[in-house]
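*Asks:* First the structure, then my questions, so here it is.
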Amino acid sequence: MERELLTFPKGGIHPPEYKGLTEHLAIEEMPVPDELEIPLIQHFGAPCKPTVKKKSEVSEGDLIGQVESGLGANIHASATGTIKDVGISKNPVSVACPSITIKVNKDAPQKDYKPENWKELSRDELLGRVKSAGIVGIGGAGFPTHIKLSPPPEAKVDTLILNGAECEPYLTTDHRIMLEHAHEVVEGAKIILTILGIKKCFIGIEANKKDAAEAIEKAIAEHSNEFDIKVKLLKVKYPQGSEKQLIQSITGRKVPGFGLPFDVGVIVQNVGTTKAIYDAVVLKKPLYEKVITISGRGIKRRANLRIRIGTRIKDIIDFLGGTEPGLAKIVMGGPMMGFAISDVDIPITKTTSGILFLTDDEIDTRPYGQCIRCGWCLDACPMGLSPNEIGIYVEAGRAEETAQFGVFECFECGCCAYVCPAKRPLVQFIRLAKMKAKKQ
């Protein structure tokens, strides 16, 4: 008997997956480049303050950036070497940000981490290791994980959901992590459950990754059953991996507008973040490397690479043999929620999920037209918003009045722009409306 596939009730789309380009490729270690350019803001919150100076010597895993107050996460040296510069880096979102450049010592041995018995640690010690390691939500906006795992006392959290949906086309890093590191993901789930003081965990995996679901279920069966951990298969539908949609798909609970998951008793963590939590707690290893998908038909060789944070995109291109002549666009992230970039000197961060090298055949460059009032964007929006009205108001110079259409509830999934027959840049309109409304 086929298992029931879960999904959310409103909206969503089914774009071509293109996961076949990399889903069969095992995680590959990329050699450390000659230089690493490490941004000091890789998280939701204020930039870190550098704890090192130019010409300082650092070892792999050393603390090099620290948040003094407010939201933020520590940043660590991705390799052993000498601080070449404490300056400014290019950034695809904020244009520029403070950074630290390390000239790598290629002769230094790679750091060796020994596992420890985490069950002997208290909740505060577990949470302390997560905080010290500088872990953020690596599948989303980079919210500091130690904050997320400390919900307010009035929040009655009873359920942990691990997000293994990976619904963005092309991206396959979570898929490979679940296949190759199933034990660490399940053990990481147990660490999170211990920190939260609860027993129930659901791991949501889209049905196009049944091999990953089987690997996780096998790992669950091999662990002791002190926790209630179950895999839930999800329909292949974008944006299945969005936090609010995932919660509704698995539990039926609906997070209120402007609410947070803990308002309905749930904490959500990405499976990659969960693996990083395992590394932090069991190995005392900071978050300074991550797995990202390099895909698209515009790169010579596609891969799922484990890369040191601070590696520049141009170094990744060189390692994979260069680009193809038909390359038309480079995107950091997935094609739905990523950012097109025009410079390959940009370094990857903790939240980089992929880099796509897309040809003319993979993108749509047709000019956009006027709204034809078809209503397709209304049907596709998983939040039940009015993207068409937001776009019209922005074009009319009335962006500040778009709150009535739910602009601040939009998480910019791109469903509206994808289905629009007039090819209107609705996500860009929405971003502009948010910016202008906040200024007012």
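Residue numbers start at 1 in each chain; chains themselves are named A, B, ... in the order of the structure tokens; ligands are numbered from 1 in the order shown.
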Skip A:Ser242 itself and residues of its chain fewer than 5 positions away, then list as a list of chain:residue names all residues within 9 Å of it, counting only C-alpha atoms.
*Replies:*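 Once the adjacent positions are removed, what remains is A:Asn163, A:Ala165, A:Cys167, A:Ile247, A:Phe411, A:Cys413.
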*Asks:* Can you spit out the residues from that selection as a tab-separated table (two decimals), in the first residue's frame, using C-alpha atoms?
*Replies:*
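So the final result, stored in selection_35.tsv, reads:
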```tsv
chain	number	residue	atom	x	y	z
A	163	ASN	CA	13.00	20.09	6.69
A	165	ALA	CA	11.86	18.85	1.34
A	167	CYS	CA	11.73	21.83	-3.18
A	247	ILE	CA	4.15	22.82	9.24
A	411	PHE	CA	8.24	35.34	1.76
A	413	CYS	CA	8.83	32.30	-3.10
```
*Asks:* Can you pull out every residue within 10 Å of A:Phe429, counting only C-alpha atoms, but drop anything in the same chain fewer than 3 positions away, and send it as an MDAnalysis selection string?
*Replies:* chainID A and resid 387:388 390:395 399 407 424:426 432:435
*Asks:* So, counting only C-alpha atoms, which residue among A:Gly134, A:Gly369, A:Gly140, A:Pro382 is closest to A:Ser353?
*Replies:* A:Gly140
*Asks:* List as CSV every residue of stretch 73-128 of chain A that is in contact with stretch 48-58 of chain A, defined as an atom at most 10 Å from one of its atoms (using only C-alpha atoms), together with the nearest atom pair and the distance in Å rounded to one decimal, sorted by chain and then rising number.
*Replies:*
```
residue,atom,partner,partner_atom,distance
A:Ala73,CA,A:Cys48,CA,7.5
A:Asn74,CA,A:Cys48,CA,7.0
A:Ile75,CA,A:Cys48,CA,7.5
A:His76,CA,A:Val58,CA,9.5
A:Ala77,CA,A:Val58,CA,6.9
A:Ser78,CA,A:Val58,CA,9.5
A:Ala79,CA,A:Val58,CA,7.9
A:Thr80,CA,A:Val58,CA,5.6
A:Gly81,CA,A:Val58,CA,5.6
A:Thr82,CA,A:Glu57,CA,4.6
A:Ile83,CA,A:Lys55,CA,4.9
A:Lys84,CA,A:Lys54,CA,5.8
A:Asp85,CA,A:Lys54,CA,5.4
A:Val86,CA,A:Lys54,CA,6.2
A:Gly87,CA,A:Lys54,CA,9.6
A:Pro98,CA,A:Cys48,CA,8.6
A:Ser99,CA,A:Pro50,CA,8.4
A:Ile100,CA,A:Pro50,CA,7.8
A:Thr101,CA,A:Lys54,CA,9.0
A:Ile102,CA,A:Val58,CA,8.5
A:Lys103,CA,A:Lys55,CA,9.5
A:Val104,CA,A:Val58,CA,9.5
A:Asn105,CA,A:Val58,CA,9.8
```
*Asks:* Generate a file of the selected residues that holds C-alpha atoms, formatted as a PDB file, in the first residue's frame.
*Replies:*
```pdb
ATOM      1  CA  ALA A  73      26.376  34.129  15.161  1.00  0.00           C
ATOM      2  CA  ASN A  74      30.111  33.606  15.602  1.00  0.00           C
ATOM      3  CA  ILE A  75      32.327  33.264  12.537  1.00  0.00           C
ATOM      4  CA  HIS A  76      35.402  31.029  12.403  1.00  0.00           C
ATOM      5  CA  ALA A  77      38.493  30.634  10.259  1.00  0.00           C
ATOM      6  CA  SER A  78      37.795  28.158   7.476  1.00  0.00           C
ATOM      7  CA  ALA A  79      41.477  27.211   7.205  1.00  0.00           C
ATOM      8  CA  THR A  80      44.866  27.769   8.802  1.00  0.00           C
ATOM      9  CA  GLY A  81      46.785  30.786   7.518  1.00  0.00           C
ATOM     10  CA  THR A  82      47.580  34.483   7.888  1.00  0.00           C
ATOM     11  CA  ILE A  83      45.081  37.351   7.988  1.00  0.00           C
ATOM     12  CA  LYS A  84      45.765  39.215   4.748  1.00  0.00           C
ATOM     13  CA  ASP A  85      43.106  41.899   5.197  1.00  0.00           C
ATOM     14  CA  VAL A  86      40.242  43.047   7.399  1.00  0.00           C
ATOM     15  CA  GLY A  87      38.192  44.968   4.882  1.00  0.00           C
ATOM     16  CA  PRO A  98      32.791  43.754   6.164  1.00  0.00           C
ATOM     17  CA  SER A  99      35.035  40.719   5.724  1.00  0.00           C
ATOM     18  CA  ILE A 100      38.283  38.994   6.673  1.00  0.00           C
ATOM     19  CA  THR A 101      40.647  37.597   4.040  1.00  0.00           C
ATOM     20  CA  ILE A 102      42.895  34.667   4.954  1.00  0.00           C
ATOM     21  CA  LYS A 103      45.989  33.681   2.976  1.00  0.00           C
ATOM     22  CA  VAL A 104      45.834  29.911   3.385  1.00  0.00           C
ATOM     23  CA  ASN A 105      48.804  27.878   4.619  1.00  0.00           C
TER      24      ASN A 105
END
```
*Asks:* Any idea what's packed within 10 Å of A:Gly128, counting only C-alpha atoms, ignoring anything in its chain fewer than 6 positions away? Could you give it as a ChimeraX atom specification?
*Replies:* /A:122,146,280-281
*Asks:* Per DSSP on the backbone, filter stretch 98-307 of chain A down to the residues in strand (DSSP E) and report them as a PyMOL selection string.
*Replies:* chain A and resi 98-104+159-164+200-206+228-234+266-270+289-295+303-307
*Asks:* From a DSSP pass on the backbone, collect the residues of stretch 272-357 of chain A flagged as alpha helix (DSSP H) and hand them back as a list in words.
*Replies:*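 In stretch 272-357 of chain A, DSSP puts these residues in alpha helix (DSSP H): Gly272, Thr273, Thr274, Lys275, Ala276, Ile277, Tyr278, Asp279, Ala280, Val281, Val282, Ile313, Lys314, Asp315, Ile316, Ile317, Asp318 and Phe319 of chain A.
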*Asks:* Name the closest residue to A:Phe44 among the candidates A:Pro31, A:Val136, A:Val93, A:Ser69; distances are taken between atoms, counting only C-alpha atoms.
*Replies:*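 Among the listed residues, the smallest separation from A:Phe44 belongs to A:Val136.
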*Asks:* Which of these residues is nearest to A:Arg431, using only C-alpha atoms: A:Glu412, A:Tyr418, A:Gly45, A:Asp158?
*Replies:*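 Distance minimum relative to A:Arg431 lands on A:Glu412.
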*Asks:* Using only C-alpha atoms, determine which residues lie at most 12 Å from A:Ile88, disregarding the query and same-chain residues fewer than 2 positions distant; provide the list as a ChimeraX atom specification.
*Replies:* /A:37-41,47,85-86,90-91,94-101,346-347
*Asks:* For A:Ala155, work out the shell of residues within 8 Å, counting only C-alpha atoms and skipping chain neighbours fewer than 3 positions away, then give it as a PyMOL selection string.
*Replies:* chain A and resi 151-152+262-263+265
*Asks:* Choose the residue, out of A:Ile135, A:Glu409, A:Ala422, A:Thr22, that has the smallest atom-to-atom separation from A:Cys377; count only C-alpha atoms.
*Replies:* A:Ala422
*Asks:* Smallest atom-to-atom distance to A:Met337: which of A:Cys371, A:Ile316, A:Phe202, A:Val427, using only C-alpha atoms?
*Replies:*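 Looking at the shortest contact to A:Met337, the residue is A:Val427.
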